[in-house]
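Enquirer: Input query_4.cif, format and content: mmCIF, C-alpha atoms.
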```cif
data_protein
loop_
_atom_site.label_atom_id
_atom_site.label_comp_id
_atom_site.auth_asym_id
_atom_site.auth_seq_id
_atom_site.Cartn_x
_atom_site.Cartn_y
_atom_site.Cartn_z
CA MET A 1 39.22 -23.39 11.15
CA ASN A 2 36.85 -25.12 13.58
CA GLU A 3 33.25 -24.16 14.21
CA GLU A 4 33.92 -22.66 17.64
CA VAL A 5 36.35 -20.16 16.14
CA LEU A 6 33.92 -19.35 13.34
CA SER A 7 31.17 -18.68 15.86
CA ARG A 8 33.38 -16.35 17.87
CA LEU A 9 34.37 -14.45 14.73
CA ARG A 10 30.75 -14.00 13.76
CA ARG A 11 29.79 -12.68 17.17
CA LEU A 12 32.65 -10.17 16.88
CA GLY A 13 31.40 -9.07 13.43
CA VAL A 14 34.44 -10.39 11.54
CA VAL A 15 33.47 -11.32 8.00
CA LYS A 16 35.46 -13.44 5.61
CA GLY A 17 32.67 -13.67 3.04
CA ALA A 18 29.29 -15.31 3.10
CA ARG A 19 30.48 -18.18 0.95
CA GLN A 20 33.39 -19.11 3.24
CA LEU A 21 31.67 -18.59 6.61
CA ARG A 22 28.86 -20.99 7.28
CA PRO A 23 26.15 -20.20 9.85
CA PRO A 24 27.19 -20.83 13.49
CA SER A 25 24.80 -23.77 13.71
CA VAL A 26 26.75 -25.64 11.04
CA THR A 27 29.33 -28.18 12.23
CA ALA A 28 31.76 -30.31 10.33
CA GLY A 29 30.12 -33.58 11.34
CA VAL A 30 27.95 -35.36 8.85
CA GLY A 31 25.50 -36.42 11.53
CA THR A 32 25.09 -32.84 12.74
CA ALA A 33 24.57 -31.67 9.15
CA MET A 34 21.81 -34.24 8.74
CA ASN A 35 20.20 -33.04 11.96
CA ARG A 36 20.39 -29.47 10.71
CA LEU A 37 18.59 -30.40 7.51
CA ALA A 38 15.99 -32.25 9.48
CA THR A 39 15.27 -29.25 11.69
CA ASN A 40 15.31 -26.79 8.73
CA ASP A 41 17.66 -24.39 10.53
CA ALA A 42 19.97 -23.98 7.53
CA PRO A 43 19.37 -20.73 5.60
CA PRO A 44 18.11 -21.37 2.07
CA LEU A 45 20.39 -20.67 -0.86
CA LEU A 46 19.96 -17.51 -2.93
CA GLU A 47 19.03 -19.65 -5.94
CA HIS A 48 16.17 -21.13 -3.94
CA LEU A 49 14.96 -17.80 -2.61
CA LEU A 50 15.14 -16.16 -6.04
CA PRO A 51 14.09 -18.69 -8.70
CA GLY A 52 15.85 -18.01 -11.97
CA GLY A 53 18.93 -16.61 -10.30
CA ARG A 54 22.26 -18.19 -11.13
CA VAL A 55 25.96 -17.75 -10.47
CA VAL A 56 27.70 -16.62 -13.66
CA GLU A 57 31.28 -17.82 -13.58
CA THR A 58 34.06 -15.92 -15.37
CA ASP A 59 37.86 -15.98 -15.40
CA ASP A 60 37.67 -13.42 -12.58
CA GLY A 61 35.32 -15.46 -10.42
CA GLY A 62 31.57 -15.71 -10.12
CA CYS A 63 28.71 -13.29 -9.57
CA PHE A 64 25.08 -13.94 -8.74
CA VAL A 65 22.78 -12.67 -11.51
CA ILE A 66 19.02 -12.74 -11.86
CA ASP A 67 16.87 -11.58 -14.78
CA ARG A 68 13.20 -10.71 -14.65
CA VAL A 69 11.49 -10.27 -18.01
CA TYR A 70 8.36 -8.18 -18.53
CA PRO A 71 6.28 -7.72 -21.67
CA VAL A 72 6.58 -4.15 -22.90
CA GLN A 73 2.85 -3.68 -22.34
CA HIS A 74 3.31 -4.39 -18.62
CA ARG A 75 1.64 -1.62 -16.61
CA HIS A 76 3.51 -0.12 -13.70
CA GLY A 77 0.80 1.98 -12.14
CA PRO A 78 -1.35 3.66 -14.81
CA ASP A 79 1.53 3.72 -17.31
CA ALA A 80 2.93 1.00 -19.56
CA LEU A 81 6.64 0.36 -20.05
CA ALA A 82 6.09 0.67 -23.80
CA ASP A 83 5.05 4.32 -23.36
CA LEU A 84 8.74 5.25 -23.32
CA LEU A 85 9.40 3.72 -26.73
CA VAL A 86 7.58 6.55 -28.51
CA ALA A 87 9.85 9.15 -26.88
CA ARG A 88 13.20 10.32 -28.22
CA PRO A 89 16.23 10.91 -25.98
CA ASP A 90 17.37 13.95 -27.97
CA VAL A 91 14.24 15.85 -26.81
CA ALA A 92 16.13 16.34 -23.53
CA ALA A 93 19.10 18.02 -25.23
CA ARG A 94 17.68 21.53 -24.98
CA TYR A 95 16.47 20.99 -21.39
CA LEU A 96 19.55 19.31 -19.92
CA PRO A 97 22.61 21.39 -20.82
CA ASP A 98 25.00 18.94 -19.13
CA SER A 99 23.85 16.22 -21.53
CA ARG A 100 23.31 18.36 -24.61
CA VAL A 101 26.42 17.39 -26.59
CA GLY A 102 26.13 13.69 -25.85
CA LEU A 103 22.43 13.53 -26.58
CA SER A 104 22.84 15.33 -29.88
CA LEU A 105 25.07 12.44 -30.94
CA VAL A 106 22.35 9.85 -30.30
CA SER A 107 19.59 11.53 -32.31
CA ARG A 108 19.30 8.42 -34.48
CA PHE A 109 18.71 6.24 -31.41
CA ASP A 110 15.73 5.83 -29.11
CA PHE A 111 15.24 4.43 -25.63
CA ARG A 112 15.41 0.83 -26.83
CA ASP A 113 19.17 1.48 -27.10
CA PHE A 114 19.55 2.92 -23.59
CA LEU A 115 20.47 1.26 -20.30
CA PHE A 116 18.70 2.04 -17.03
CA LEU A 117 20.91 1.74 -13.96
CA ASP A 118 20.45 1.87 -10.18
CA THR A 119 22.68 0.66 -7.34
CA GLU A 120 22.21 -0.52 -3.78
CA THR A 121 25.22 0.33 -1.65
CA THR A 122 26.83 -0.17 1.73
CA GLY A 123 26.67 3.57 2.45
CA LEU A 124 26.09 7.00 1.00
CA ALA A 125 29.63 8.15 0.25
CA GLY A 126 33.32 7.55 0.83
CA ALA A 127 36.11 5.50 -0.70
CA GLY A 128 34.99 2.36 1.11
CA THR A 129 31.40 2.48 -0.15
CA LEU A 130 30.57 -0.60 -2.19
CA ALA A 131 27.79 -1.18 -4.70
CA PHE A 132 26.77 -4.67 -3.58
CA MET A 133 23.88 -4.73 -6.06
CA VAL A 134 23.78 -3.15 -9.50
CA GLY A 135 20.40 -3.16 -11.19
CA VAL A 136 20.25 -2.58 -14.93
CA ALA A 137 17.30 -2.71 -17.29
CA PHE A 138 16.86 -2.56 -21.05
CA PHE A 139 14.40 -3.21 -23.85
CA GLU A 140 14.98 -6.35 -25.87
CA SER A 141 13.60 -7.85 -29.07
CA ARG A 142 13.25 -11.49 -29.95
CA PRO A 143 15.27 -12.54 -33.02
CA GLY A 144 13.45 -11.29 -36.10
CA ALA A 145 11.04 -9.06 -34.14
CA PRO A 146 10.86 -5.53 -35.61
CA GLU A 147 10.10 -3.89 -32.26
CA PRO A 148 11.11 -4.59 -28.65
CA ASP A 149 8.68 -7.00 -27.05
CA ALA A 150 10.34 -7.46 -23.67
CA PHE A 151 11.85 -5.39 -20.89
CA VAL A 152 14.63 -7.10 -18.92
CA VAL A 153 15.53 -6.14 -15.34
CA ARG A 154 18.92 -7.67 -14.50
CA GLN A 155 20.44 -7.56 -11.03
CA TYR A 156 24.10 -8.27 -10.27
CA PHE A 157 24.68 -9.18 -6.63
CA LEU A 158 27.88 -9.62 -4.62
CA ARG A 159 27.71 -12.69 -2.43
CA ASP A 160 30.82 -11.20 -0.86
CA HIS A 161 33.42 -8.60 -1.84
CA GLY A 162 35.34 -11.16 -3.86
CA ASP A 163 32.63 -11.08 -6.54
CA GLU A 164 33.19 -7.44 -7.39
CA LEU A 165 35.71 -7.84 -10.23
CA ALA A 166 33.53 -10.42 -11.99
CA MET A 167 30.48 -8.15 -11.61
CA LEU A 168 32.28 -5.09 -12.97
CA ARG A 169 33.48 -6.97 -16.04
CA GLN A 170 30.00 -8.33 -16.77
CA LEU A 171 28.51 -4.86 -16.35
CA ASP A 172 31.11 -3.40 -18.69
CA GLU A 173 30.21 -5.90 -21.43
CA LEU A 174 26.57 -4.84 -21.21
CA VAL A 175 27.38 -1.10 -21.12
CA ALA A 176 29.50 -1.47 -24.26
CA SER A 177 26.40 -2.49 -26.22
CA LYS A 178 24.29 0.55 -25.21
CA ALA A 179 23.99 4.04 -26.69
CA GLY A 180 23.13 5.92 -23.50
CA LEU A 181 22.34 5.77 -19.82
CA VAL A 182 19.29 6.67 -17.70
CA THR A 183 19.51 7.02 -13.91
CA PHE A 184 17.81 8.77 -11.03
CA ASN A 185 20.44 10.87 -9.22
CA GLY A 186 23.06 8.78 -10.97
CA ARG A 187 25.13 11.70 -12.20
CA SER A 188 26.17 12.65 -8.69
CA PHE A 189 25.99 9.24 -6.99
CA ASP A 190 25.73 5.93 -8.89
CA VAL A 191 28.08 6.65 -11.80
CA PRO A 192 30.89 8.27 -9.73
CA LEU A 193 30.64 5.44 -7.20
CA LEU A 194 30.89 2.73 -9.84
CA ASP A 195 33.64 4.61 -11.67
CA ASN A 196 35.62 4.65 -8.43
CA ARG A 197 35.10 0.90 -7.99
CA TYR A 198 36.44 0.31 -11.51
CA VAL A 199 39.52 2.37 -10.63
CA MET A 200 40.01 0.42 -7.39
CA ASN A 201 39.97 -2.79 -9.46
CA ARG A 202 42.41 -1.33 -12.03
CA LEU A 203 39.78 -1.19 -14.75
CA ARG A 204 38.45 1.63 -16.90
CA SER A 205 34.72 2.33 -16.77
CA ARG A 206 32.72 3.18 -19.88
CA LEU A 207 29.89 4.69 -17.83
CA PRO A 208 31.18 8.32 -17.69
CA ASP A 209 31.54 8.35 -21.49
CA LEU A 210 27.90 7.49 -22.24
CA PRO A 211 25.29 10.17 -22.99
CA HIS A 212 23.54 10.32 -19.63
CA ILE A 213 20.02 11.37 -18.70
CA ASP A 214 19.64 11.84 -14.95
CA LEU A 215 15.90 12.04 -14.22
CA LEU A 216 16.23 13.86 -10.89
CA PRO A 217 16.93 17.40 -12.24
CA PRO A 218 13.99 17.44 -14.70
CA ALA A 219 11.71 15.90 -12.05
CA ARG A 220 12.62 18.73 -9.68
CA ARG A 221 12.05 21.39 -12.33
CA LEU A 222 8.64 20.00 -13.28
CA TYR A 223 7.13 18.71 -10.03
CA ARG A 224 8.79 20.23 -6.96
CA ALA A 225 6.55 23.32 -6.87
CA ARG A 226 3.46 21.12 -6.70
CA LEU A 227 4.67 18.02 -4.86
CA GLY A 228 7.51 19.23 -2.64
CA SER A 229 9.63 16.09 -2.29
CA CYS A 230 11.08 14.68 -5.51
CA ALA A 231 12.55 11.52 -4.01
CA LEU A 232 11.74 8.57 -6.24
CA SER A 233 9.53 7.04 -3.54
CA ALA A 234 7.55 10.29 -3.27
CA LEU A 235 7.19 10.59 -7.04
CA GLU A 236 5.94 7.00 -7.20
CA GLN A 237 3.12 7.75 -4.79
CA ASN A 238 2.20 11.32 -5.72
CA LEU A 239 2.89 11.38 -9.46
CA LEU A 240 2.83 7.82 -10.78
CA GLY A 241 0.08 6.53 -8.48
CA LEU A 242 2.13 3.57 -7.22
CA ARG A 243 2.09 1.79 -3.87
CA ARG A 244 4.76 -0.77 -3.02
CA THR A 245 3.89 -3.98 -1.23
CA GLU A 246 5.17 -5.18 2.12
CA GLU A 247 7.96 -6.98 0.25
CA ASP A 248 9.82 -3.65 0.03
CA ALA A 249 12.69 -2.53 2.25
CA PRO A 250 13.13 1.18 3.07
CA GLY A 251 16.31 2.66 1.65
CA TRP A 252 17.83 3.49 5.03
CA LEU A 253 17.61 -0.19 6.09
CA ILE A 254 19.25 -1.72 3.02
CA PRO A 255 22.97 -1.44 4.04
CA SER A 256 22.31 -3.14 7.37
CA LEU A 257 20.41 -5.98 5.65
CA TYR A 258 23.46 -6.65 3.48
CA TYR A 259 25.84 -6.59 6.44
CA GLN A 260 23.51 -8.98 8.25
CA TYR A 261 23.69 -11.32 5.26
CA LEU A 262 27.50 -11.20 5.25
CA ARG A 263 27.60 -12.07 8.95
CA THR A 264 25.07 -14.90 8.88
CA GLY A 265 24.87 -16.18 5.31
CA ASP A 266 21.08 -15.88 5.60
CA ALA A 267 19.66 -14.15 2.49
CA ARG A 268 15.98 -14.29 3.37
CA GLU A 269 15.74 -10.59 4.26
CA LEU A 270 17.73 -9.69 1.14
CA THR A 271 14.79 -10.62 -1.08
CA ARG A 272 13.29 -7.30 0.04
CA VAL A 273 16.34 -5.49 -1.38
CA PHE A 274 15.98 -7.28 -4.72
CA TYR A 275 12.32 -6.21 -4.81
CA HIS A 276 13.23 -2.59 -3.88
CA ASN A 277 15.82 -2.33 -6.64
CA GLN A 278 13.48 -3.96 -9.18
CA MET A 279 10.71 -1.45 -8.43
CA ASP A 280 13.18 1.43 -8.73
CA MET A 281 14.08 0.25 -12.23
CA LEU A 282 10.46 -0.01 -13.38
CA SER A 283 9.58 3.37 -11.85
CA MET A 284 12.45 5.04 -13.71
CA VAL A 285 10.97 3.83 -17.00
CA THR A 286 7.47 5.15 -16.38
CA LEU A 287 8.82 8.38 -14.85
CA ALA A 288 11.00 8.92 -17.93
CA ALA A 289 7.99 8.28 -20.17
CA ARG A 290 5.95 10.86 -18.25
CA ILE A 291 8.73 13.49 -18.34
CA PHE A 292 9.61 13.04 -22.00
CA ARG A 293 5.99 13.12 -23.13
CA GLN A 294 5.51 16.44 -21.36
CA LEU A 295 8.75 17.91 -22.70
CA ALA A 296 7.97 16.81 -26.26
CA ASP A 297 4.40 18.13 -26.19
CA SER A 298 5.24 21.14 -24.01
CA ARG A 299 2.11 20.20 -22.14
CA CYS A 300 1.77 18.94 -18.56
CA ASP A 301 -1.07 17.04 -16.96
CA GLU A 302 -1.34 19.52 -14.06
CA ALA A 303 -1.57 23.31 -14.35
CA MET A 304 1.01 23.84 -11.58
CA ASP A 305 3.49 21.66 -13.47
CA GLN A 306 2.76 23.66 -16.61
CA VAL A 307 3.83 26.83 -14.79
CA SER A 308 7.02 25.07 -13.67
CA LEU A 309 7.72 23.97 -17.23
CA ALA A 310 7.23 27.54 -18.44
CA HIS A 311 9.72 28.87 -15.85
CA TRP A 312 12.22 26.23 -16.99
CA GLN A 313 11.73 27.14 -20.66
CA ALA A 314 12.08 30.85 -19.92
CA ASP A 315 15.29 30.26 -17.95
CA LEU A 316 16.70 28.39 -20.96
CA GLY A 317 15.76 31.23 -23.33
CA LEU A 318 12.98 29.23 -25.03
CA ARG A 319 10.66 32.24 -25.01
CA ASP A 320 8.09 31.06 -27.54
CA LEU A 321 7.63 27.74 -25.75
CA ALA A 322 7.54 29.51 -22.38
CA GLU A 323 4.79 31.86 -23.53
CA GLN A 324 2.81 28.94 -24.93
CA SER A 325 3.14 27.06 -21.63
CA LEU A 326 2.19 30.09 -19.53
CA ARG A 327 -0.93 30.81 -21.55
CA ALA A 328 -1.93 27.12 -21.33
CA SER A 329 -1.55 27.19 -17.54
CA LEU A 330 -3.59 30.41 -17.24
CA ASP A 331 -6.45 28.76 -19.10
CA ALA A 332 -6.53 26.02 -16.44
CA ASP A 333 -7.55 26.04 -12.78
CA LEU A 334 -4.65 27.49 -10.79
CA PRO A 335 -4.33 28.54 -7.14
CA LEU A 336 -4.19 32.33 -6.87
CA GLU A 337 -0.50 32.39 -5.93
CA ALA A 338 0.47 30.22 -8.91
CA TYR A 339 -1.84 32.28 -11.14
CA HIS A 340 0.06 35.43 -10.17
CA LEU A 341 3.43 33.73 -10.69
CA ALA A 342 2.37 32.74 -14.20
CA LEU A 343 1.14 36.25 -14.97
CA HIS A 344 4.34 37.83 -13.63
CA ARG A 345 6.50 35.57 -15.81
CA LEU A 346 4.31 36.24 -18.85
CA GLY A 347 4.62 39.97 -18.24
CA GLU A 348 8.41 39.66 -18.07
CA LEU A 349 8.50 37.74 -21.37
CA LEU A 350 6.27 40.27 -23.13
CA LYS A 351 8.30 43.17 -21.78
CA ALA A 352 11.60 41.53 -22.84
CA THR A 353 10.33 41.06 -26.39
CA GLY A 354 9.09 44.65 -26.69
CA ARG A 355 5.38 43.80 -26.52
CA ARG A 356 4.65 46.33 -23.82
CA ALA A 357 1.01 46.92 -24.74
CA GLU A 358 0.31 43.22 -24.08
CA ALA A 359 2.39 43.36 -20.90
CA VAL A 360 0.25 46.24 -19.60
CA VAL A 361 -2.86 44.08 -19.85
CA VAL A 362 -1.10 41.34 -17.85
CA TRP A 363 0.09 43.79 -15.16
CA GLN A 364 -3.41 45.17 -14.84
CA GLN A 365 -4.76 41.63 -14.30
CA ILE A 366 -2.25 41.12 -11.48
CA ALA A 367 -2.95 44.50 -9.90
CA VAL A 368 -6.72 43.98 -9.88
CA THR A 369 -6.50 40.54 -8.24
CA SER A 370 -3.50 41.11 -5.96
CA GLY A 371 -3.99 41.19 -2.22
CA GLY A 372 -0.64 42.64 -1.27
CA ASP A 373 1.92 42.37 -4.08
CA VAL A 374 2.63 45.81 -5.56
CA THR A 375 5.11 44.63 -8.24
CA ALA A 376 2.58 45.01 -11.06
CA HIS A 377 1.55 48.47 -9.77
CA VAL A 378 5.18 49.57 -9.95
CA GLU A 379 5.58 48.19 -13.48
CA LEU A 380 2.48 50.11 -14.56
CA ALA A 381 3.72 53.30 -12.92
CA LYS A 382 7.06 52.94 -14.76
CA HIS A 383 5.33 52.22 -18.04
CA TYR A 384 3.07 55.26 -17.89
CA GLU A 385 5.88 57.52 -16.68
CA TRP A 386 8.60 56.58 -19.17
CA HIS A 387 6.83 55.09 -22.19
CA GLU A 388 3.40 56.71 -22.36
CA ARG A 389 4.52 59.99 -20.75
CA ASP A 390 1.20 59.93 -18.88
CA ILE A 391 2.24 61.32 -15.49
CA PRO A 392 -1.28 61.48 -13.92
CA THR A 393 -1.83 57.77 -14.61
CA ALA A 394 1.64 56.98 -13.25
CA VAL A 395 0.71 58.90 -10.07
CA GLU A 396 -2.57 56.96 -9.82
CA TRP A 397 -0.84 53.55 -9.95
CA THR A 398 1.75 54.65 -7.40
CA GLN A 399 -0.96 55.84 -5.01
CA ARG A 400 -2.84 52.55 -5.44
CA ALA A 401 0.32 50.68 -4.49
CA LEU A 402 0.74 52.80 -1.34
CA THR A 403 -2.89 52.16 -0.37
CA LEU A 404 -2.34 48.43 -0.80
CA LEU A 405 0.78 48.51 1.39
CA ASP A 406 -1.08 50.36 4.15
CA ARG A 407 -3.34 47.29 4.54
CA ARG A 408 -0.39 44.96 5.12
CA PRO A 409 1.53 44.37 8.37
CA LEU A 410 4.57 46.55 8.78
CA THR A 411 7.70 44.51 8.02
CA PRO A 412 11.20 45.47 6.85
CA ASN A 413 10.17 44.61 3.26
CA THR A 414 6.95 46.63 3.31
CA ARG A 415 8.77 49.54 5.00
CA LEU A 416 11.41 49.57 2.25
CA ALA A 417 8.78 49.28 -0.50
CA ARG A 418 6.86 52.16 1.04
CA VAL A 419 9.95 54.38 1.12
CA GLU A 420 10.62 53.66 -2.56
CA LEU A 421 7.00 54.34 -3.53
CA LEU A 422 6.92 57.63 -1.59
CA HIS A 423 10.12 58.68 -3.36
CA ARG A 424 8.54 57.78 -6.72
CA LEU A 425 5.33 59.65 -5.87
CA GLN A 426 7.32 62.73 -4.83
CA ARG A 427 9.23 62.71 -8.11
CA LEU A 428 6.06 62.24 -10.18
CA GLN A 429 4.27 65.06 -8.35
CA GLY A 430 7.28 67.26 -9.00
CA LYS A 431 6.96 66.47 -12.71
CA LEU A 432 3.27 67.44 -12.60
CA VAL A 433 4.07 70.80 -10.98
CA SER A 434 6.84 71.44 -13.47
CA LYS A 435 4.52 70.61 -16.36
CA GLN A 436 1.83 72.94 -15.09
#
```
Would you mind writing the structure in this file as structure tokens?
Expert:
Amino acid sequence: MNEEVLSRLRRLGVVKGARQLRPPSVTAGVGTAMNRLATNDAPPLLEHLLPGGRVVETDDGGCFVIDRVYPVQHRHGPDALADLLVARPDVAARYLPDSRVGLSLVSRFDFRDFLFLDTETTGLAGAGTLAFMVGVAFFESRPGAPEPDAFVVRQYFLRDHGDELAMLRQLDELVASKAGLVTFNGRSFDVPLLDNRYVMNRLRSRLPDLPHIDLLPPARRLYRARLGSCALSALEQNLLGLRRTEEDAPGWLIPSLYYQYLRTGDARELTRVFYHNQMDMLSMVTLAARIFRQLADSRCDEAMDQVSLAHWQADLGLRDLAEQSLRASLDADLPLEAYHLALHRLGELLKATGRRAEAVVVWQQIAVTSGGDVTAHVELAKHYEWHERDIPTAVEWTQRALTLLDRRPLTPNTRLARVELLHRLQRLQGKLVSKQ
């Protein structure tokens, strides 16, 4: 195929693979090739752009692979990679029901036996979506070393679609040596996508069989109330105190950078994708260390997160831990709204465990400091009506609730609450008359 045809195909967006299609400026003549080298218009090779990268050849073809090795004491933001080594994966078993069975089987392992995984893809979904880069990371020990002393970030990259089978086989060999998997949103995206690519290549993937910790659900449970967005980029900035350099590529741009590489053979912009994926891997480690420390200690760095942890524990039926977390958050500096949320949940726990006298104290705290919420007033009215048989006090709390509602704007919710309170007051006053 002559150069003119190649150039036309490139302009039309037809891709045969970056290895087979040379840049349009390349001609078959030796003299022209020498001129091209002299004018430096040839795109540099991946191996030159990414020192240490190499093409690993297998019976199924070759795949570009690059390893970056960090000491375990390397700090990514304020946290060190080694911080995760003191955590145990089975701590997550009671917090992540989807992973509970698998994690209970790895109680004798720790995170030195786990694989971190993140993909860069040609799209967000669909049968044709391809993972053109698979980043994996793992702790490693030198021969004879009792503890891991290095953290390896390995990136598999498809120079074109023909590399996929070789990449999948190399990935499978690594997965076979690991006890579990850590991802960020990998349960719903990365693992199903890769599993589908294994099927398309008539292979069986080991990934779905591994005990799997997806960091996105616990991050949402712990930090969404305080931070809002729980995208990894947002957590890096607002939780981990990280700022990426200008080498980074935004996620939405990454597919087009790969397609540009396939069309032109020029990998210079792709170095930004390698950097992006590498930072994702490191951030997963320090995020996991932060999450697992807080789950193990049942103690968060921020009072708002402590309230979120308590809600999570209460939802899972871990009442003792939830009460401990709520009381810890109430001892800290909380915004008034979060303070009331913590008190409400503590009151519910005390009521559910039959400790009504303690719950009354909590409801009174809410009622005294509330600017418009009458929930605690209603709980107190119910308590004094049905448990203390103190009808005058029940009437008093109902009247206080009505007074509080009168100060609020009239809305469908306040109108309904007022109707219910008036009905309660009427019934209580009837009981007083009957008693007299």
Enquirer: Name the closest residue to Asp59 (chain A) among the candidates A:His74, A:Arg169, A:Arg356, A:Arg345; distances are taken between atoms, counting all atoms listed in the file.
Expert: A:Arg169
Enquirer: For a test of reading the model, state the distance in Å between CA of Asp163 (chain A) and CA of Met133 (chain A), rounded to one decimal.
Expert: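 Straight-line distance from CA of Asp163 (chain A) to CA of Met133 (chain A) works out to 10.8 Å.
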Enquirer: When the PyMOL selection byres ((chain A and resi 225-239) around 9) is applied to the structure above, which residues does it catch, written out as a PyMOL selection string?
Expert: chain A and resi 77+184+216+219-224+240-244+280+283-284+287+302+304-305+308
Enquirer: For Thr375 (chain A), work out the shell of residues within 10 Å, counting only C-alpha atoms and skipping chain neighbours fewer than 4 positions away, then give it as an MDAnalysis selection string.
Expert: chainID A and resid 344 363 366:367 370 379:381 401 417
Enquirer: With all atoms listed in the file as the counted atoms, please give the residues lying no more than 8 Å from Arg68 (chain A), apart from itself and same-chain residues fewer than 2 positions off, as a PDB file with C-alpha atoms, keeping the file's coordinate frame.
Expert:
```pdb
ATOM      1  CA  ILE A  66      19.020 -12.740 -11.860  1.00  0.00           C
ATOM      2  CA  TYR A  70       8.360  -8.180 -18.530  1.00  0.00           C
ATOM      3  CA  VAL A 152      14.630  -7.100 -18.920  1.00  0.00           C
ATOM      4  CA  VAL A 153      15.530  -6.140 -15.340  1.00  0.00           C
ATOM      5  CA  ARG A 154      18.920  -7.670 -14.500  1.00  0.00           C
TER       6      ARG A 154
END
```
Enquirer: List the residues matched by the PyMOL selection byres ((chain A and resi 303) around 8) in the displayed structure as a count of residues only, ordered by chain and then by residue number.
Expert: 13
Enquirer: To test your reading of the syntax: which residues would the PyMOL selection byres ((chain A and resi 266) around 10) return for the file shown? Reply as a list in words.
Expert: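 With the shown file as input, the PyMOL selection byres ((chain A and resi 266) around 10) matches Ala18, Arg22, Pro23, Ala42, Pro43, Pro44, Leu45, Leu46, Leu257, Tyr258, Gln260, Tyr261, Leu262, Arg263, Thr264, Gly265, Ala267, Arg268, Glu269 and Leu270 of chain A.
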Enquirer: One number please: CA of Lys435 (chain A) to CA of Leu421 (chain A), in Å, one decimal.
Expert: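 Here the two named atoms are 20.9 Å from each other.
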